[in-house]
Structure formats: C-alpha cells, structure tokens
Amino acid sequence: MTSLTSQVINLFASVLLLIAFAMLSQRRIVTLINLFALQGLALVGSTVTVAWATGQHHLYWSAGITFVLKVVALPLILHRLIRRLNVKWDIETLINIPTMMLVGIVLVVFAFNLALPISEFSNSIARGTLGIALACVLMAFLMMITRSKAVPQVIGFLAMENGLFFAATSATYGMPMVVELGIALDVLVGMIILGVFMFQIREQFDSLDIHHLEKLKED
Amino acid sequence: MNLEGLLAQLLAMAVALAGGPLLAGWVNQCRAWLQGRRAPPLLMPFRMLHKLFWKESVVAHDASPIFRITPYIVFGCMLLASLIIPTLSTDLPMAPAADAIALVGLFGIARLFISLAAMDIGTAFGTMGARREMLVGFLAEPAFLMVLFTASLISSSTSLATTVSTLAHREFAILPSLAFAGIAFTMVSLAENARVPVDNPATHLELTMIHEALVLEYSGRHLALIEWAATLKLFAYSCAGLAIFFPWGIAEARDHAALLWALPVLAVKLAIGGFTLALIETILAKMRIFRVPEFLATAFLLGVLALLVHLLLGA
C-alpha cells in the first residue's frame, strides 16, 4: 500500500512539474490562470494523499485551505481582474519560448542535484519529490523574470508559493497550522494589494508593462 | 539462428508489408468518417500501389544515380526498421543486429537520401521540401532518442526486444516518466510521419507541403516504393509506440499459441491507434511551419522530463 501511495504522490509531483513548464511556455493569460488553478488542484491531491498515508490530520486542513484559496478564490479574483483590466494576451516574453524551455530544463537538473543530498536527511514518505518542489519554485522565478507584464508576474509569484508549499509538505509533512494560516492570509491580502497596484500602474502609464516603472521621476 | 525465430521474423515481415498499407487505408477511412465524407475502401492503398507499379517510371534528364537508388534505399531502411521492432514476438533473430539507437539511425539514413534525391533534380519545390524535412528531422530526432532512452533506462537495455519484454513483465506501477515519454512519442511520430499538426498528408498545395514536395518528381514504381515506405514508416512508429507503452499481448520466445494470439491483439491495438490518429488529425489544424520548432521543442522537453523524473523518483 505504501508503494502505491508513494507512486500516487510521485504522479502528482510530476504533474506539478509539467504544469510549471506549461505555465512557463504559455502565451495567453486566461490559460495561464487556468493552469494555475490546475496546479493548485494537483497540490491539493498530493497533500490529501500524504495526509491519508501518514495520518497527519492537520494536512487535511491545509489541503482544504489550499483548495478554497488557490483553486477557487485566487483564480476567480484573477479572472475578474483581467476582465476589468481588459488584458487577454501577453505575447512579449523577453526570450523566446524554446530557449526558455531549455533554461527550464537546466533549472530542473540544478534543482534535482541540489535536492538529492538534502532529501536524504528527511524520512518523510515523499522525500524524493523535494527536487521537484525546488524546480517548481525556480521555474516560477524564471517566469517572473522573463515576463514583462504585471499580471503574469503576479501569477508567477503565486506559483512560487505553490512550489514552496509543496516543498514543505513533501519534506516535513507541512508547516504548523498558525504559519500556514498566516501564509494563506498573506497571499490573499498580497493579491488584493497587487490588484489595486496594477490599476494604479495602468492609470499612470496606460499599460501594464512594468518597464515603465524604471522611470522614477516625471520629466 | 533457429528455425522458429526465422519463421517468426518472416511472419513479422509479411505482417509489416501488408499491415503498412492497411493501416494507412484504415486511417484514411476513419478520417473520412470523422469529417463526414464518404470513405475510400480499406484496400485503397494496395490498389494505388498496384496502379503505380504498372506505370512507367519517368526520370528527369539531369537525375544522378542518387535519384534512382533512393526509393530502394528508403524502402529497405523502413523494412529493416519494422523488422527490428518487436511487433508480434520478442524473439527476433534480427533484434541483436540493431538496438534503439540504430533504429533512429535507420530513419536518419532514409531521411538523408530522400532529401538528397529531392535536391538532386534541382526544382525549387524539391529543395524547399528537403530543407523543411531536415528542419523537422533534426528537431524530432533528439526527442525520439530521449523517449527511447527513458524506456531503456527503465529496462536497463537499449535493445528493443529486451526493453519490451521487461516492460511487459513488470508488475503494475504508475510510471509518470512513461506517461511523459508517451506524450513526447506521440508528438514526434506526428511530426516524423508528416501528419496534420506539422504537415498535411493529403495536401497538394505547394507552399505548405513537406513530404509531398520531396517526392514530387517521382513516378511509377519509384513512387510506389516511396509511398509503400511511408506506410511502413507509419506502421513501424505505431508498432514501436504500442510495444513500448502498451506491451501486452506480445509473444515470448518459443510460445506458439501466444504468437498466434499476438496477431489479433496487434490488429485491435493498431485499429484503436489508427482511429486515435485520425481523431487527432481531425481535431487539430495544421500549424505554421515556424511553430514546428516550438512543437518539437515541447516534445524534447517532455522526453527530457521523463528521463529526469525517472532518475529522481525511480518511477
């Protein structure tokens, strides 16, 4: 039974990695948000599996919070946001997509190598997936670096939080409840603030391209 | 080499020679049904080959010997490729002769010669087709190798027969790496067999075609051989995919009953696979040629991910 559950966890981890790559190569913002919701769903699946396999009841709670927040609430907010900002397309990635995928592969190799010695200290059921969690975090970073518009950068930030959360679940069976609630609230509030911020950027510059922010003074 | 192995090998060859055109006919039939047209008969490719074999073969004045020998080389490569892929049984005398890497090499030789022959005549379309074919080929080959390496790592052997018998005998396990490799393999086979998202096999619009532009100058028995080789290639790819990802029902060494049983199983698997191919071709639209590198980069990415996931998770 343990081998089957660890296989299921591995499957969810691989799906997370695949979605991270799909997000990296996605041009449309609407699809990007849907992929983000899907990533949240895979995260919920793996958390529930870990909780069921190890009998850690607090993980059910954190899976519930993840579901409400990352699969339902945040994608809804983001969809509303892009409808009101009237942006559907984000064609301008700074480097072209095949190159980005190759960089992504290099990041995955790096993350796997980095995580291998660390995961040997852990005795959790899903310790092998730490490398994948790290790779997800790094790829979310890459996405934030290579997108020039504000909305995909915010989604990259949220995806990074997904990766961190997955790392916590796979290495140490999750963080204490207080910390998790704090992070959940942080992400939600951060999202709302960033939403307001995006409206401000657009009002100021008539565009969501954050390169305009490099000008500090009005001349 | 024992007699049974030889018989199994001869049977595999006969199945490949007959099965290639049949599979092509079946895919065309399914596609016609899905698109609401009246379907051509299942044996249409055979009639086509019969007609072409009896026609005169016209060769341009400036053609070099490369142009004349290419159909035979291409046909030979494809036949050899379909012989080393375990279609019915894993006990093949030819199997030790070539492993998975040599299989990719065989497809590479065929591609090289058909591109040379297309440029040999000196028409603009042939050269354009050759360049596009090379673009697709050099991007598809590494992705295909990654898929084969993943299967080889799981079974720790690059020999296709060993790989398939190992995969058929392992106990049930969810292998995400094989799932990724399967998707990558599907994408590579679509590109390599000139199927819809990359190339349209039914097109005669010069600006969009790849495979058809290559063989534009061929006629008569040369064209028949090349068309037959194309169906053999489709058959070889389908059988390789089925053998690696759905290895059930392939006979072992010295198992006559299983060998007889393997034939209907293969037919059912190919029928389902052909229908899936027709479905993919109906749903998707042909993409721009400049999108092809992105498509194949995705396939390569999936292949590498499969490899890495297998190395990290051991699954």
# chains A, B, ... in the order shown; residues from 1 in each chain; ligands from 1

$ residues_around --residues "region 28-42 of chain A" --least-positions-apart "2" --cutoff "8 Å" --atoms "only C-alpha atoms" --output "tab-separated table (two decimals) with C-alpha atoms, in the first residue's frame"
chain	number	residue	atom	x	y	z
A	12	PHE	CA	1.07	14.38	-8.55
A	13	ALA	CA	4.61	15.75	-8.23
A	15	VAL	CA	2.00	16.73	-12.86
A	16	LEU	CA	3.07	19.77	-10.83
A	19	ILE	CA	2.18	22.34	-15.25
A	20	ALA	CA	5.09	24.53	-14.18
A	22	ALA	CA	3.26	24.61	-19.33
A	23	MET	CA	2.91	27.91	-17.45
A	26	GLN	CA	2.04	29.80	-22.13
A	44	VAL	CA	-4.42	19.52	-3.06
A	45	GLY	CA	-4.32	15.96	-4.42
A	46	SER	CA	-0.77	15.33	-3.24
A	66	THR	CA	-5.31	25.37	-0.47
A	67	PHE	CA	-8.42	24.27	-2.33
A	70	LYS	CA	-5.78	28.57	-4.80
A	71	VAL	CA	-8.28	26.57	-6.81
A	72	VAL	CA	-11.37	28.72	-6.26
A	75	PRO	CA	-8.32	32.22	-9.97
A	78	LEU	CA	-7.55	36.94	-11.27
A	79	HIS	CA	-10.23	36.29	-13.91
A	87	VAL	CA	-5.91	42.20	-20.98
A	88	LYS	CA	-6.12	38.76	-22.57
A	89	TRP	CA	-2.80	38.42	-24.34
A	90	ASP	CA	0.77	38.53	-23.19
A	91	ILE	CA	2.92	37.85	-26.20
A	151	VAL	CA	-0.34	40.03	-14.41
A	152	PRO	CA	1.86	37.05	-15.42
A	155	ILE	CA	0.79	34.56	-11.31
A	159	ALA	CA	3.03	29.67	-8.48
A	162	ASN	CA	2.62	26.67	-4.64

$ closest_atom_pairs --of "chain B" --to "chain A" --cutoff "9 Å" --atoms "only C-alpha atoms" --output "Markdown table"
| residue | atom | partner | partner_atom | distance |
| --- | --- | --- | --- | --- |
| B:Ala173 | CA | A:Gln7 | CA | 7.4 |
| B:Ile174 | CA | A:Gln7 | CA | 6.0 |
| B:Leu175 | CA | A:Leu11 | CA | 7.5 |
| B:Pro176 | CA | A:Leu11 | CA | 5.6 |
| B:Ser177 | CA | A:Ser14 | CA | 8.2 |
| B:Phe180 | CA | A:Leu18 | CA | 8.8 |
| B:Pro293 | CA | A:Pro98 | CA | 7.7 |
| B:Glu294 | CA | A:Pro98 | CA | 5.9 |
| B:Ala297 | CA | A:Pro98 | CA | 6.0 |
| B:Thr298 | CA | A:Pro98 | CA | 7.8 |
| B:Leu301 | CA | A:Met101 | CA | 7.0 |
| B:Leu302 | CA | A:Leu18 | CA | 8.2 |
| B:Val304 | CA | A:Ile105 | CA | 7.7 |
| B:Leu305 | CA | A:Ile105 | CA | 7.7 |
| B:Leu308 | CA | A:Val109 | CA | 7.5 |
| B:Val309 | CA | A:Ser14 | CA | 7.2 |
| B:Leu312 | CA | A:Gly128 | CA | 6.8 |
| B:Leu313 | CA | A:Gly128 | CA | 5.8 |
| B:Gly314 | CA | A:Gly128 | CA | 9.0 |
| B:Ala315 | CA | A:Gln7 | CA | 7.6 |

$ residues_around --residues "Cys239 (chain B)" --least-positions-apart "5" --cutoff "10 Å" --atoms "only C-alpha atoms" --output "ChimeraX atom specification"
/B:16,82,85-88,233-234,244-247,266,269-270,273

$ closest_residue --among "B:Ala60, B:Met209, B:Leu190, B:Ala14" --to "Gly274 (chain B)" --atoms "only C-alpha atoms"
B:Leu190

$ residues_around --residues "Met175 (chain A)" --least-positions-apart "3" --cutoff "12 Å" --atoms "only C-alpha atoms" --output "count of residues only"
21

$ select_by_dssp --residues "chain A" --states "strand (DSSP E or B)" --output "list in words"
Arg28, Trp89, Thr93, Arg147, Lys149 and Asp209 of chain A

$ residues_around --residues "Met198 (chain A)" --least-positions-apart "4" --cutoff "12 Å" --atoms "only C-alpha atoms" --output "VMD selection string"
chain A and resid 78 81 to 82 84 to 87 149 to 154 191 to 194 202 to 210 213

$ select_by_dssp --residues "region 12-201 of chain A" --states "alpha helix (DSSP H)" --output "number ranges by chain"
A: 12-24, 29-54, 57-66, 74-85, 97-119, 130-146, 150-172, 177-201

$ write_last_selection --atoms "C-alpha atoms" --output "compact mmCIF listing (two decimals), in the first residue's frame"
# COMPACT_ATOMS: atom_id res chain seq x y z
CA PHE A 12 1.07 14.38 -8.55
CA ALA A 13 4.61 15.75 -8.23
CA SER A 14 5.28 15.05 -11.92
CA VAL A 15 2.00 16.73 -12.86
CA LEU A 16 3.07 19.77 -10.83
CA LEU A 17 6.36 19.91 -12.72
CA LEU A 18 4.60 19.51 -16.07
CA ILE A 19 2.18 22.34 -15.25
CA ALA A 20 5.09 24.53 -14.18
CA PHE A 21 6.60 24.02 -17.65
CA ALA A 22 3.26 24.61 -19.33
CA MET A 23 2.91 27.91 -17.45
CA LEU A 24 6.41 28.88 -18.50
CA ILE A 29 -3.17 34.97 -19.73
CA VAL A 30 -6.56 33.23 -19.42
CA THR A 31 -4.94 29.81 -19.95
CA LEU A 32 -2.21 30.79 -17.52
CA ILE A 33 -4.78 31.37 -14.79
CA ASN A 34 -6.49 28.06 -15.55
CA LEU A 35 -3.12 26.30 -15.37
CA PHE A 36 -2.51 27.97 -12.02
CA ALA A 37 -5.82 26.62 -10.75
CA LEU A 38 -4.89 23.16 -12.07
CA GLN A 39 -1.56 23.34 -10.28
CA GLY A 40 -3.40 24.14 -7.09
CA LEU A 41 -5.61 21.11 -7.66
CA ALA A 42 -2.58 18.83 -8.11
CA LEU A 43 -1.18 20.29 -4.89
CA VAL A 44 -4.42 19.52 -3.06
CA GLY A 45 -4.32 15.96 -4.42
CA SER A 46 -0.77 15.33 -3.24
CA THR A 47 -1.42 16.91 0.17
CA VAL A 48 -4.52 14.76 0.73
CA THR A 49 -2.59 11.65 -0.31
CA VAL A 50 0.24 12.45 2.10
CA ALA A 51 -2.30 13.16 4.86
CA TRP A 52 -4.12 9.88 4.23
CA ALA A 53 -0.91 7.87 4.06
CA THR A 54 0.64 9.27 7.23
CA HIS A 57 -4.84 15.31 10.29
CA HIS A 58 -3.71 18.90 10.12
CA LEU A 59 -2.70 18.29 6.48
CA TYR A 60 -6.40 17.82 5.60
CA TRP A 61 -6.99 21.34 6.88
CA SER A 62 -4.15 22.78 4.87
CA ALA A 63 -5.41 20.91 1.79
CA GLY A 64 -8.82 22.47 2.40
CA ILE A 65 -7.32 25.95 2.70
CA THR A 66 -5.31 25.37 -0.47
CA LEU A 74 -7.50 33.36 -6.40
CA PRO A 75 -8.32 32.22 -9.97
CA LEU A 76 -11.73 33.92 -9.63
CA ILE A 77 -10.09 37.14 -8.46
CA LEU A 78 -7.55 36.94 -11.27
CA HIS A 79 -10.23 36.29 -13.91
CA ARG A 80 -12.19 39.29 -12.67
CA LEU A 81 -9.04 41.35 -12.63
CA ILE A 82 -8.08 40.65 -16.24
CA ARG A 83 -11.65 41.22 -17.35
CA ARG A 84 -11.65 44.62 -15.73
CA LEU A 85 -8.13 45.45 -16.90
CA ILE A 97 9.82 30.17 -25.71
CA PRO A 98 12.03 27.23 -26.87
CA THR A 99 15.03 28.91 -25.22
CA MET A 100 13.01 29.40 -22.08
CA MET A 101 12.18 25.69 -22.04
CA LEU A 102 15.86 24.78 -22.36
CA VAL A 103 16.68 27.14 -19.48
CA GLY A 104 13.86 25.45 -17.58
CA ILE A 105 15.46 22.03 -18.16
CA VAL A 106 18.78 23.34 -16.84
CA LEU A 107 16.98 24.65 -13.76
CA VAL A 108 15.34 21.26 -13.20
CA VAL A 109 18.70 19.48 -13.41
CA PHE A 110 20.17 22.03 -10.98
CA ALA A 111 17.26 21.65 -8.56
CA PHE A 112 17.38 17.86 -8.66
CA ASN A 113 21.09 17.83 -7.92
CA LEU A 114 20.67 20.34 -5.13
CA ALA A 115 17.81 18.47 -3.51
CA LEU A 116 19.29 15.00 -3.63
CA PRO A 117 21.64 15.33 -0.62
CA ILE A 118 19.07 17.33 1.36
CA SER A 119 16.29 14.82 0.88
CA LEU A 130 11.72 17.70 -2.82
CA GLY A 131 13.70 18.21 -6.03
CA ILE A 132 10.51 18.71 -7.99
CA ALA A 133 9.26 21.24 -5.44
CA LEU A 134 12.51 23.16 -5.71
CA ALA A 135 12.32 23.03 -9.51
CA CYS A 136 8.78 24.45 -9.38
CA VAL A 137 9.98 27.35 -7.22
CA LEU A 138 12.90 28.09 -9.55
CA MET A 139 10.70 27.96 -12.63
CA ALA A 140 8.22 30.33 -11.08
CA PHE A 141 11.18 32.65 -10.51
CA LEU A 142 12.14 32.28 -14.16
CA MET A 143 8.61 33.12 -15.19
CA MET A 144 8.63 36.26 -13.08
CA ILE A 145 11.96 37.30 -14.58
CA THR A 146 11.05 36.73 -18.22
CA ALA A 150 2.38 42.72 -14.46
CA VAL A 151 -0.34 40.03 -14.41
CA PRO A 152 1.86 37.05 -15.42
CA GLN A 153 4.41 38.21 -12.86
CA VAL A 154 1.79 38.04 -10.15
CA ILE A 155 0.79 34.56 -11.31
CA GLY A 156 4.47 33.59 -11.18
CA PHE A 157 4.60 34.82 -7.61
CA LEU A 158 1.58 32.72 -6.70
CA ALA A 159 3.03 29.67 -8.48
CA MET A 160 6.20 30.10 -6.45
CA GLU A 161 4.10 29.93 -3.30
CA ASN A 162 2.62 26.67 -4.64
CA GLY A 163 6.13 25.25 -5.04
CA LEU A 164 7.15 26.30 -1.52
CA PHE A 165 4.04 24.75 -0.07
CA PHE A 166 4.71 21.53 -1.90
CA ALA A 167 8.29 21.52 -0.60
CA ALA A 168 7.00 21.90 2.95
CA THR A 169 4.54 19.03 2.55
CA SER A 170 7.00 16.68 0.92
CA ALA A 171 9.96 17.31 3.23
CA THR A 172 8.41 17.78 6.67
CA MET A 177 -1.14 25.44 11.36
CA VAL A 178 -0.51 29.01 12.53
CA VAL A 179 2.21 29.54 9.93
CA GLU A 180 0.05 28.06 7.19
CA LEU A 181 -2.92 30.26 8.05
CA GLY A 182 -0.60 33.25 8.15
CA ILE A 183 0.80 32.48 4.70
CA ALA A 184 -2.66 31.89 3.26
CA LEU A 185 -3.84 35.23 4.55
CA ASP A 186 -0.66 36.89 3.32
CA VAL A 187 -1.12 35.57 -0.18
CA LEU A 188 -4.75 36.68 -0.27
CA VAL A 189 -4.01 40.17 1.01
CA GLY A 190 -0.95 40.41 -1.23
CA MET A 191 -3.12 39.50 -4.19
CA ILE A 192 -5.64 42.22 -3.38
CA ILE A 193 -2.92 44.82 -2.90
CA LEU A 194 -1.23 43.80 -6.16
CA GLY A 195 -4.59 44.06 -7.92
CA VAL A 196 -5.01 47.61 -6.71
CA PHE A 197 -1.41 48.29 -7.63
CA MET A 198 -1.99 47.08 -11.20
CA PHE A 199 -4.87 49.51 -11.63
CA GLN A 200 -2.58 52.27 -10.42
CA ILE A 201 0.14 51.27 -12.90

$ atom_distance --atom1 "CA of Ala229 (chain B)" --atom2 "CA of Leu17 (chain B)"
9.2 Å

$ residues_around --residues "region 213-228 of chain B" --least-positions-apart "5" --cutoff "7 Å" --atoms "only C-alpha atoms" --output "list of chain:residue names"
B:Pro21, B:Leu49, B:Leu52, B:Phe53, B:Lys55, B:Glu56, B:Ser57, B:Val58, B:Pro71, B:Val74, B:Phe75, B:Ser115, B:Ala118, B:Phe125, B:Gly126, B:Gly129, B:Ala130, B:Glu206

$ atom_distance --atom1 "CA of Ile101 (chain B)" --atom2 "CA of Thr163 (chain B)"
12.8 Å

$ atom_distance --atom1 "CA of Asp199 (chain B)" --atom2 "CA of Met287 (chain B)"
8.1 Å

$ residues_around --residues "Leu153 (chain B)" --least-positions-apart "5" --cutoff "10 Å" --atoms "only C-alpha atoms" --output "JSON, numbers by chain"
{"B": [148, 158, 163, 307, 310, 311, 314]}
